[in-house]
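Structure file target-v2.json (JSON, C-alpha atoms) follows.
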```json
[["chain", "number", "residue", "atom", "x", "y", "z"],
["Q", 22, "MET", "CA", 132.09, 45.16, -39.46],
["Q", 23, "ARG", "CA", 131.58, 43.79, -35.95],
["Q", 24, "THR", "CA", 133.15, 40.73, -34.33],
["Q", 25, "LEU", "CA", 133.07, 39.31, -30.83],
["Q", 26, "ILE", "CA", 136.21, 39.86, -28.79],
["Q", 27, "PRO", "CA", 137.72, 36.74, -27.13],
["Q", 28, "LEU", "CA", 136.78, 36.06, -23.53],
["Q", 29, "ILE", "CA", 140.15, 36.40, -21.83],
["Q", 30, "ILE", "CA", 142.30, 39.46, -21.20],
["Q", 31, "CYS", "CA", 145.99, 38.64, -21.52],
["Q", 32, "LEU", "CA", 148.55, 41.09, -20.11],
["Q", 33, "PHE", "CA", 152.01, 41.04, -21.73],
["Q", 34, "ILE", "CA", 154.73, 42.56, -19.54],
["Q", 35, "THR", "CA", 157.69, 41.76, -21.78],
["Q", 36, "ALA", "CA", 158.02, 42.06, -25.54],
["Q", 37, "CYS", "CA", 159.88, 38.79, -26.06],
["Q", 38, "GLY", "CA", 157.72, 36.16, -24.37],
["Q", 39, "ASP", "CA", 155.21, 34.06, -26.27],
["Q", 40, "THR", "CA", 152.91, 33.56, -23.27],
["Q", 41, "PRO", "CA", 151.07, 36.20, -21.20],
["Q", 42, "ASN", "CA", 152.35, 37.23, -17.79],
["Q", 43, "ARG", "CA", 148.81, 37.21, -16.38],
["Q", 44, "GLN", "CA", 145.37, 36.43, -17.70],
["Q", 45, "TRP", "CA", 141.82, 36.24, -16.39],
["Q", 46, "GLU", "CA", 138.33, 35.69, -17.70],
["Q", 47, "THR", "CA", 136.20, 38.83, -17.86],
["Q", 48, "THR", "CA", 133.04, 37.63, -19.60],
["Q", 49, "ALA", "CA", 131.05, 34.44, -19.94],
["Q", 50, "SER", "CA", 130.16, 34.75, -23.63],
["Q", 51, "GLY", "CA", 132.53, 37.26, -25.22],
["Q", 52, "ALA", "CA", 132.51, 41.03, -25.62],
["Q", 53, "TYR", "CA", 131.39, 43.56, -28.19],
["Q", 54, "THR", "CA", 134.06, 46.10, -27.24],
["Q", 55, "ALA", "CA", 137.21, 46.36, -25.12],
["Q", 56, "SER", "CA", 139.57, 49.30, -24.55],
["Q", 57, "LEU", "CA", 142.90, 49.71, -22.76],
["Q", 58, "SER", "CA", 143.90, 52.89, -20.93],
["Q", 59, "PRO", "CA", 146.95, 54.79, -22.26],
["Q", 60, "ALA", "CA", 149.11, 53.64, -19.33],
["Q", 61, "GLY", "CA", 147.88, 50.06, -19.63],
["Q", 62, "ASP", "CA", 146.54, 49.99, -16.07],
["Q", 63, "TYR", "CA", 142.78, 49.77, -16.74],
["Q", 64, "ALA", "CA", 140.45, 48.15, -19.26],
["Q", 65, "VAL", "CA", 136.82, 48.75, -20.20],
["Q", 66, "ILE", "CA", 134.89, 45.67, -21.32],
["Q", 67, "GLY", "CA", 131.47, 45.67, -22.99],
["Q", 68, "ALA", "CA", 130.27, 42.11, -22.41],
["Q", 69, "VAL", "CA", 127.63, 40.26, -24.42],
["Q", 70, "GLU", "CA", 125.63, 39.14, -21.37],
["Q", 71, "HIS", "CA", 126.36, 41.56, -18.52],
["Q", 72, "GLY", "CA", 127.02, 45.02, -19.93],
["Q", 73, "GLY", "CA", 129.96, 47.30, -19.24],
["Q", 74, "SER", "CA", 132.65, 47.14, -16.59],
["Q", 75, "LEU", "CA", 135.97, 48.74, -15.61],
["Q", 76, "TRP", "CA", 138.86, 46.46, -14.66],
["Q", 77, "ARG", "CA", 142.14, 47.21, -12.87],
["Q", 78, "LEU", "CA", 144.81, 45.20, -14.63],
["Q", 79, "GLN", "CA", 147.36, 45.13, -11.81],
["Q", 80, "ASP", "CA", 145.28, 42.59, -9.90],
["Q", 81, "GLY", "CA", 142.42, 41.76, -12.27],
["Q", 82, "GLU", "CA", 139.78, 43.38, -10.05],
["Q", 83, "ARG", "CA", 136.45, 44.43, -11.52],
["Q", 84, "LEU", "CA", 135.99, 47.95, -10.10],
["Q", 85, "TYR", "CA", 132.70, 49.20, -11.53],
["Q", 86, "ASN", "CA", 129.71, 48.01, -13.51],
["Q", 87, "TRP", "CA", 128.86, 50.61, -16.15],
["Q", 88, "ASN", "CA", 125.42, 50.38, -17.72],
["Q", 89, "HIS", "CA", 123.42, 53.20, -19.28],
["Q", 90, "THR", "CA", 120.04, 52.34, -17.74],
["Q", 91, "ALA", "CA", 119.53, 51.34, -14.11],
["Q", 92, "GLY", "CA", 118.64, 47.70, -13.69],
["Q", 93, "GLN", "CA", 119.51, 46.78, -17.27],
["Q", 94, "PHE", "CA", 122.62, 45.45, -18.99],
["Q", 95, "SER", "CA", 123.66, 47.77, -21.81],
["Q", 96, "LYS", "CA", 124.83, 46.39, -25.15],
["Q", 97, "LEU", "CA", 127.97, 48.48, -25.57],
["Q", 98, "VAL", "CA", 129.19, 48.70, -29.15],
["Q", 99, "ALA", "CA", 132.20, 51.02, -28.61],
["Q", 100, "SER", "CA", 134.44, 52.30, -25.81],
["Q", 101, "THR", "CA", 137.55, 54.40, -25.32],
["Q", 102, "PHE", "CA", 139.70, 56.14, -22.71],
["Q", 103, "SER", "CA", 140.61, 59.82, -22.79],
["Q", 104, "THR", "CA", 144.17, 60.49, -23.92],
["Q", 105, "ASP", "CA", 145.18, 61.16, -20.29],
["Q", 106, "GLY", "CA", 143.34, 58.09, -18.97],
["Q", 107, "ARG", "CA", 141.09, 60.02, -16.56],
["Q", 108, "TYR", "CA", 137.79, 59.45, -18.35],
["Q", 109, "THR", "CA", 136.14, 56.87, -20.56],
["Q", 110, "LEU", "CA", 133.33, 56.85, -23.09],
["Q", 111, "THR", "CA", 131.01, 53.89, -23.55],
["Q", 112, "ALA", "CA", 128.40, 53.72, -26.30],
["Q", 113, "GLU", "CA", 125.28, 51.87, -27.20],
["Q", 114, "ARG", "CA", 124.14, 52.27, -30.78],
["Q", 115, "LYS", "CA", 122.09, 55.43, -30.15],
["Q", 116, "ARG", "CA", 123.68, 57.01, -27.06],
["Q", 117, "PHE", "CA", 126.96, 57.35, -25.23],
["Q", 118, "VAL", "CA", 128.11, 58.11, -21.68],
["Q", 119, "MET", "CA", 131.29, 59.61, -20.21],
["Q", 120, "TRP", "CA", 132.60, 58.18, -16.92],
["Q", 121, "GLU", "CA", 135.23, 59.24, -14.37],
["Q", 122, "VAL", "CA", 137.77, 56.45, -13.95],
["Q", 123, "ALA", "CA", 138.72, 57.37, -10.37],
["Q", 124, "SER", "CA", 135.18, 57.52, -8.97],
["Q", 125, "GLY", "CA", 133.23, 55.41, -11.44],
["Q", 126, "ARG", "CA", 130.59, 58.13, -11.68],
["Q", 127, "ALA", "CA", 128.89, 59.21, -14.91],
["Q", 128, "ALA", "CA", 130.09, 62.63, -16.10],
["Q", 129, "GLY", "CA", 127.84, 63.12, -19.14],
["Q", 130, "PHE", "CA", 125.19, 61.51, -21.32],
["Q", 131, "TRP", "CA", 124.37, 62.24, -24.98],
["Q", 132, "PRO", "CA", 122.18, 60.86, -27.79],
["Q", 133, "ALA", "CA", 123.71, 59.76, -31.10],
["Q", 134, "GLU", "CA", 121.04, 59.33, -33.74],
["Q", 135, "GLY", "CA", 123.51, 58.34, -36.46],
["Q", 136, "GLY", "CA", 124.37, 54.99, -34.84],
["Q", 137, "VAL", "CA", 127.68, 54.86, -32.93],
["Q", 138, "LEU", "CA", 130.55, 52.79, -34.32],
["Q", 139, "SER", "CA", 133.68, 54.40, -32.81],
["Q", 140, "LEU", "CA", 134.81, 56.87, -30.13],
["Q", 141, "ALA", "CA", 137.79, 59.05, -29.21],
["Q", 142, "LEU", "CA", 138.27, 61.38, -26.22],
["Q", 143, "SER", "CA", 140.85, 64.11, -25.54],
["Q", 144, "ASP", "CA", 142.62, 65.05, -22.29],
["Q", 145, "ASN", "CA", 140.28, 65.80, -19.37],
["Q", 146, "GLY", "CA", 137.43, 64.36, -21.42],
["Q", 147, "ARG", "CA", 136.87, 67.80, -22.96],
["Q", 148, "TYR", "CA", 136.45, 66.94, -26.65],
["Q", 149, "ALA", "CA", 135.07, 63.80, -28.25],
["Q", 150, "ILE", "CA", 134.78, 62.36, -31.75],
["Q", 151, "VAL", "CA", 131.92, 59.96, -32.37],
["Q", 152, "GLY", "CA", 132.08, 57.91, -35.60],
["Q", 153, "GLN", "CA", 128.68, 56.84, -36.91],
["Q", 154, "GLU", "CA", 126.84, 54.56, -39.33],
["Q", 155, "ASP", "CA", 125.35, 57.53, -41.18],
["Q", 156, "TYR", "CA", 128.73, 58.40, -42.75],
["Q", 157, "THR", "CA", 129.42, 61.24, -40.31],
["Q", 158, "ALA", "CA", 131.59, 61.78, -37.24],
["Q", 159, "LEU", "CA", 130.59, 64.33, -34.61],
["Q", 160, "TYR", "CA", 133.16, 66.64, -32.97],
["Q", 161, "ILE", "CA", 131.67, 67.43, -29.57],
["Q", 162, "ASP", "CA", 132.50, 69.79, -26.70],
["Q", 163, "THR", "CA", 131.54, 67.62, -23.73],
["Q", 164, "ALA", "CA", 131.52, 70.62, -21.36],
["Q", 165, "THR", "CA", 128.52, 72.09, -23.18],
["Q", 166, "GLY", "CA", 127.23, 69.10, -25.14],
["Q", 167, "SER", "CA", 127.52, 71.14, -28.34],
["Q", 168, "ILE", "CA", 128.31, 69.56, -31.71],
["Q", 169, "LEU", "CA", 131.11, 71.81, -32.93],
["Q", 170, "ASN", "CA", 131.55, 70.23, -36.37],
["Q", 171, "THR", "CA", 130.35, 67.30, -38.45],
["Q", 172, "LEU", "CA", 132.99, 65.33, -40.38],
["Q", 173, "SER", "CA", 131.91, 63.40, -43.47],
["Q", 174, "HIS", "CA", 132.88, 60.25, -45.40],
["Q", 175, "ALA", "CA", 131.21, 58.14, -48.07],
["Q", 176, "GLY", "CA", 130.77, 55.12, -45.77],
["Q", 177, "ASP", "CA", 130.44, 54.03, -42.14],
["Q", 178, "ILE", "CA", 133.08, 55.63, -39.93],
["Q", 179, "ASN", "CA", 134.61, 52.55, -38.31],
["Q", 180, "THR", "CA", 137.42, 54.16, -36.34],
["Q", 181, "VAL", "CA", 138.45, 57.57, -34.98],
["Q", 182, "ALA", "CA", 141.32, 59.15, -33.03],
["Q", 183, "ILE", "CA", 141.91, 62.54, -31.41],
["Q", 184, "SER", "CA", 144.96, 64.48, -30.21],
["Q", 185, "ALA", "CA", 145.43, 65.19, -26.50],
["Q", 186, "ASP", "CA", 144.48, 68.85, -26.97],
["Q", 187, "GLY", "CA", 141.42, 67.94, -29.00],
["Q", 188, "LEU", "CA", 142.44, 70.00, -32.03],
["Q", 189, "VAL", "CA", 143.46, 67.24, -34.48],
["Q", 190, "GLY", "CA", 141.28, 64.29, -35.41],
["Q", 191, "VAL", "CA", 141.58, 61.21, -37.61],
["Q", 192, "THR", "CA", 138.73, 59.23, -39.14],
["Q", 193, "GLY", "CA", 138.77, 55.91, -41.01],
["Q", 194, "SER", "CA", 135.83, 54.65, -43.03],
["Q", 195, "GLU", "CA", 134.51, 51.67, -44.94],
["Q", 196, "ASP", "CA", 134.97, 53.93, -48.00],
["Q", 197, "GLY", "CA", 138.68, 53.02, -47.68],
["Q", 198, "ILE", "CA", 139.84, 56.55, -46.84],
["Q", 199, "VAL", "CA", 141.77, 57.87, -43.84],
["Q", 200, "LYS", "CA", 141.22, 61.58, -43.18],
["Q", 201, "VAL", "CA", 143.11, 63.95, -40.87],
["Q", 202, "TRP", "CA", 141.11, 66.94, -39.65],
["Q", 203, "ASP", "CA", 141.61, 70.42, -38.26],
["Q", 204, "LEU", "CA", 138.78, 69.87, -35.81],
["Q", 205, "PRO", "CA", 137.94, 73.47, -34.77],
["Q", 206, "ALA", "CA", 137.76, 74.48, -38.45],
["Q", 207, "GLY", "CA", 136.03, 71.26, -39.52],
["Q", 208, "LYS", "CA", 138.40, 71.00, -42.50],
["Q", 209, "GLU", "CA", 140.45, 68.10, -43.87],
["Q", 210, "THR", "CA", 144.22, 68.47, -43.53],
["Q", 211, "PHE", "CA", 144.71, 65.56, -45.91],
["Q", 212, "ALA", "CA", 142.99, 62.37, -47.04],
["Q", 213, "TYR", "CA", 144.54, 59.09, -48.18],
["Q", 214, "ARG", "CA", 142.82, 56.19, -49.93],
["Q", 215, "LEU", "CA", 144.22, 53.18, -48.12],
["Q", 216, "GLY", "CA", 141.99, 50.53, -49.68],
["Q", 217, "ASP", "CA", 138.74, 48.84, -48.69],
["Q", 218, "ASP", "CA", 137.20, 49.23, -45.23],
["Q", 219, "VAL", "CA", 139.62, 50.98, -42.84],
["Q", 220, "SER", "CA", 139.66, 49.13, -39.51],
["Q", 221, "ALA", "CA", 141.92, 51.23, -37.27],
["Q", 222, "VAL", "CA", 143.45, 54.69, -37.00],
["Q", 223, "ALA", "CA", 145.71, 56.14, -34.31],
["Q", 224, "LEU", "CA", 147.70, 59.28, -33.52],
["Q", 225, "SER", "CA", 151.14, 59.31, -31.89],
["Q", 226, "ALA", "CA", 151.33, 60.82, -28.40],
["Q", 227, "ASP", "CA", 152.71, 64.11, -29.74],
["Q", 228, "GLY", "CA", 150.24, 64.17, -32.64],
["Q", 229, "SER", "CA", 152.96, 64.23, -35.28],
["Q", 230, "LEU", "CA", 152.20, 60.83, -36.84],
["Q", 231, "VAL", "CA", 149.01, 59.10, -37.92],
["Q", 232, "PHE", "CA", 148.50, 55.38, -38.51],
["Q", 233, "GLY", "CA", 145.81, 53.64, -40.55],
["Q", 234, "SER", "CA", 145.14, 50.00, -41.39],
["Q", 235, "LEU", "CA", 142.62, 47.80, -43.21],
["Q", 236, "TYR", "CA", 140.65, 44.84, -41.87],
["Q", 237, "TYR", "CA", 142.48, 42.58, -44.31],
["Q", 238, "GLY", "CA", 145.66, 44.08, -45.69],
["Q", 239, "LYS", "CA", 148.13, 46.86, -45.29],
["Q", 240, "GLY", "CA", 148.82, 49.56, -42.72],
["Q", 241, "LYS", "CA", 150.55, 52.89, -43.25],
["Q", 242, "ILE", "CA", 152.07, 55.74, -41.21],
["Q", 243, "TRP", "CA", 152.02, 59.39, -42.31],
["Q", 244, "GLN", "CA", 153.23, 62.73, -41.00],
["Q", 245, "THR", "CA", 150.18, 64.54, -39.69],
["Q", 246, "LYS", "CA", 151.02, 67.98, -41.06],
["Q", 247, "THR", "CA", 152.28, 67.02, -44.51],
["Q", 248, "GLY", "CA", 150.61, 63.71, -45.32],
["Q", 249, "GLN", "CA", 154.00, 62.29, -46.33]]
```
Output the file's structure in the form of C-alpha cells.
Amino acid sequence: MRTLIPLIICLFITACGDTPNRQWETTASGAYTASLSPAGDYAVIGAVEHGGSLWRLQDGERLYNWNHTAGQFSKLVASTFSTDGRYTLTAERKRFVMWEVASGRAAGFWPAEGGVLSLALSDNGRYAIVGQEDYTALYIDTATGSILNTLSHAGDINTVAISADGLVGVTGSEDGIVKVWDLPAGKETFAYRLGDDVSAVALSADGSLVFGSLYYGKGKIWQTKTGQ
C-alpha cells in the first residue's frame, strides 16, 4: 500500500501543544517517502516532482539534492537513516543508494530486482535490510555488497527494522505477520500473526523490544528474545 505524504513538515518540540513549533513546505505536490533521523535533526524527503533531498530541521534548510541518475529526478519509494544517523538509504523501485549525511556524497549503489518497499540501516551504514515486493527481504553487508541472507514471507514486505549492531532484524508483511530474525543465521527468532497487512515495525534503541502495527487496527509490543 502506498500513499502520498502531506506537503508540510511539522516539528513538535513539546509533547503537550496542539500546534507545531515550526513548519515549512518541502514539496510542491507531495512526497512518496519521508524519514526522520534518530536525533530528529535531519529529514530525507522523496518528492513527487523533484526527487530526493536532505533537510536540516533546526533551520529548515535544504542541504542536498539526492537523485540516483545525474540530470534526472528519481522517484524514491523508500528511505531511512542508519541507527546512528550518519548515513541514509534512498530507494527507487529497482535500486537503492547509500549516502553520507555529513558530506552528502554517495557511499554505495545496489540493484534490487525484487522491487523495493522498505529499508533499514545499522550503525555506520554497515548492514542493511531491504524489504521487497517479491515476498523477500535482503540482509546485505554494504561493505562488500554481498547478500548475506534472504528472509521470506508470504506477501509484500512493507516494513523492516534493524538493531544498531546489525544482528537482529524485524520484518512486517501484507501476510499479516511480524517476524524477528537472527540475521547472521537467517533464522526466525519468533513470528506473530498481527492481522492483515502490517504497516510498521520498530526496534527499541537497545534492541530488547519490538513493535508492530497494522494499517487499520491494532499495534503490539513484544520482548525481542522471548516473543512475550
- Within 12 Å of Leu230 of chain Q, counting all atoms listed in the file, which residues show up once you throw out same-chain ones fewer than 6 positions away? Write them as a VMD selection string, please. chain Q and resid 182 to 184 189 to 191 201 222 to 224 241 to 249
- Note on the structure: Here atom CA of Ser139 of chain Q and atom CA of Gly81 of chain Q stand apart by 25.7 Å
- Query: Separation of atom CA of Ala112 of chain Q and atom CA of Trp131 of chain Q, in Å?
  - Reply: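 We find that atom CA of Ala112 of chain Q and atom CA of Trp131 of chain Q lie 9.5 Å from each other.
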- Message: For segment 160-163 of chain Q, find every residue with an atom within 9 Å (counting all atoms listed in the file), except residues of its own chain fewer than 2 positions away, and show them as a PyMOL selection string.
- Response: chain Q and resi 119+129+146-151+158+165-172+190+204-205+207
Ala64 of chain Q environment, 9 Å, all atoms listed in the file, sequence neighbours closer than 3 positions dropped, as an mmCIF file with C-alpha atoms, in the frame of the given file:
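Saved result, out18.cif, follows:
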```cif
data_model
loop_
_atom_site.group_PDB
_atom_site.id
_atom_site.type_symbol
_atom_site.label_atom_id
_atom_site.label_comp_id
_atom_site.auth_asym_id
_atom_site.auth_seq_id
_atom_site.Cartn_x
_atom_site.Cartn_y
_atom_site.Cartn_z
ATOM 1 C CA ALA Q 55 137.210 46.360 -25.120
ATOM 2 C CA SER Q 56 139.570 49.300 -24.550
ATOM 3 C CA LEU Q 57 142.900 49.710 -22.760
ATOM 4 C CA SER Q 58 143.900 52.890 -20.930
ATOM 5 C CA GLY Q 61 147.880 50.060 -19.630
ATOM 6 C CA SER Q 74 132.650 47.140 -16.590
ATOM 7 C CA LEU Q 75 135.970 48.740 -15.610
ATOM 8 C CA TRP Q 76 138.860 46.460 -14.660
ATOM 9 C CA ARG Q 77 142.140 47.210 -12.870
ATOM 10 C CA LEU Q 78 144.810 45.200 -14.630
ATOM 11 C CA PHE Q 102 139.700 56.140 -22.710
#
```
- Mind pulling up the distance from atom CA of Lys115 of chain Q to atom CA of Arg83 of chain Q? 26.0 Å
- Sphere at (152.4, 57.3, -28.5), radius 12 Å, counting all atoms listed in the file: residues as number ranges by chain: Q: 59-60, 104-105, 184-185, 223-232
I want to know what sits within 8 Å of Arg114 of chain Q, based on only C-alpha atoms, with residues of the same chain fewer than 6 positions away left out; could you give that as a short mmCIF file (atom, residue, chain, number, x, y, z; two decimals) with C-alpha atoms, keeping the file's coordinate frame?
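File written: out_12.cif
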```cif
data_model
loop_
_atom_site.label_atom_id
_atom_site.label_comp_id
_atom_site.auth_asym_id
_atom_site.auth_seq_id
_atom_site.Cartn_x
_atom_site.Cartn_y
_atom_site.Cartn_z
CA LEU Q 97 127.97 48.48 -25.57
CA VAL Q 98 129.19 48.70 -29.15
CA ALA Q 133 123.71 59.76 -31.10
CA GLY Q 136 124.37 54.99 -34.84
CA VAL Q 137 127.68 54.86 -32.93
CA LEU Q 138 130.55 52.79 -34.32
#
```
- Taking into account all atoms listed in the file, which residue in the set Q:Thr40, Q:Thr192, Q:Asn88, Q:Asn179 is nearest to Arg116 of chain Q? Q:Asn88
- Using only C-alpha atoms, determine which residues lie at most 12 Å from Tyr85 of chain Q, disregarding the query and same-chain residues fewer than 5 positions distant; provide the list as a PyMOL selection string. chain Q and resi 63-66+72-77+120-127
- Which is closer to Gly152 of chain Q than all the others in Q:Ser194, Q:Val118, Q:Phe130, Q:Gly51, using only C-alpha atoms? Q:Ser194
- Query: Of the candidates Q:Ala128, Q:Ala212, Q:Ala52, Q:Leu110, which shows the shortest atom-to-atom distance to Lys96 of chain Q, using only C-alpha atoms?
  - Reply: Q:Ala52
- Considering all atoms listed in the file, state which residue in the set Q:Arg214, Q:Glu134, Q:Tyr236, Q:His71 is at the smallest distance from Gly92 of chain Q.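 Using all atoms listed in the file, the shortest distance to Gly92 of chain Q belongs to Q:His71.
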Starting from the sparse input, extend segment 75-87 of chain Q to N, CA and C atoms and give the output as a PDB file, in the coordinates of the input.
```
ATOM      1  N   LEU Q  75     134.595  48.235 -15.653  1.00  0.00           N
ATOM      2  CA  LEU Q  75     135.970  48.740 -15.610  1.00  0.00           C
ATOM      3  C   LEU Q  75     136.804  47.782 -14.769  1.00  0.00           C
ATOM      4  N   TRP Q  76     137.964  47.403 -15.313  1.00  0.00           N
ATOM      5  CA  TRP Q  76     138.860  46.460 -14.660  1.00  0.00           C
ATOM      6  C   TRP Q  76     140.216  47.103 -14.384  1.00  0.00           C
ATOM      7  N   ARG Q  77     140.766  46.810 -13.194  1.00  0.00           N
ATOM      8  CA  ARG Q  77     142.140  47.210 -12.870  1.00  0.00           C
ATOM      9  C   ARG Q  77     143.045  46.037 -13.218  1.00  0.00           C
ATOM     10  N   LEU Q  78     144.012  46.290 -14.092  1.00  0.00           N
ATOM     11  CA  LEU Q  78     144.810  45.200 -14.630  1.00  0.00           C
ATOM     12  C   LEU Q  78     145.937  44.740 -13.716  1.00  0.00           C
ATOM     13  N   GLN Q  79     146.303  45.542 -12.732  1.00  0.00           N
ATOM     14  CA  GLN Q  79     147.360  45.130 -11.810  1.00  0.00           C
ATOM     15  C   GLN Q  79     146.986  43.853 -11.065  1.00  0.00           C
ATOM     16  N   ASP Q  80     145.709  43.762 -10.670  1.00  0.00           N
ATOM     17  CA  ASP Q  80     145.280  42.590  -9.900  1.00  0.00           C
ATOM     18  C   ASP Q  80     144.051  41.905 -10.483  1.00  0.00           C
ATOM     19  N   GLY Q  81     143.566  42.386 -11.640  1.00  0.00           N
ATOM     20  CA  GLY Q  81     142.420  41.760 -12.270  1.00  0.00           C
ATOM     21  C   GLY Q  81     141.104  42.001 -11.559  1.00  0.00           C
ATOM     22  N   GLU Q  82     141.012  43.098 -10.790  1.00  0.00           N
ATOM     23  CA  GLU Q  82     139.780  43.380 -10.050  1.00  0.00           C
ATOM     24  C   GLU Q  82     138.786  44.157 -10.903  1.00  0.00           C
ATOM     25  N   ARG Q  83     137.547  43.719 -10.861  1.00  0.00           N
ATOM     26  CA  ARG Q  83     136.450  44.430 -11.520  1.00  0.00           C
ATOM     27  C   ARG Q  83     136.007  45.550 -10.581  1.00  0.00           C
ATOM     28  N   LEU Q  84     136.229  46.814 -10.987  1.00  0.00           N
ATOM     29  CA  LEU Q  84     135.990  47.950 -10.100  1.00  0.00           C
ATOM     30  C   LEU Q  84     134.564  48.467 -10.162  1.00  0.00           C
ATOM     31  N   TYR Q  85     134.035  48.619 -11.365  1.00  0.00           N
ATOM     32  CA  TYR Q  85     132.700  49.200 -11.530  1.00  0.00           C
ATOM     33  C   TYR Q  85     131.935  48.469 -12.616  1.00  0.00           C
ATOM     34  N   ASN Q  86     130.614  48.423 -12.446  1.00  0.00           N
ATOM     35  CA  ASN Q  86     129.710  48.010 -13.510  1.00  0.00           C
ATOM     36  C   ASN Q  86     129.139  49.270 -14.144  1.00  0.00           C
ATOM     37  N   TRP Q  87     129.290  49.398 -15.446  1.00  0.00           N
ATOM     38  CA  TRP Q  87     128.860  50.610 -16.150  1.00  0.00           C
ATOM     39  C   TRP Q  87     127.783  50.263 -17.166  1.00  0.00           C
TER      40      TRP Q  87
END
```
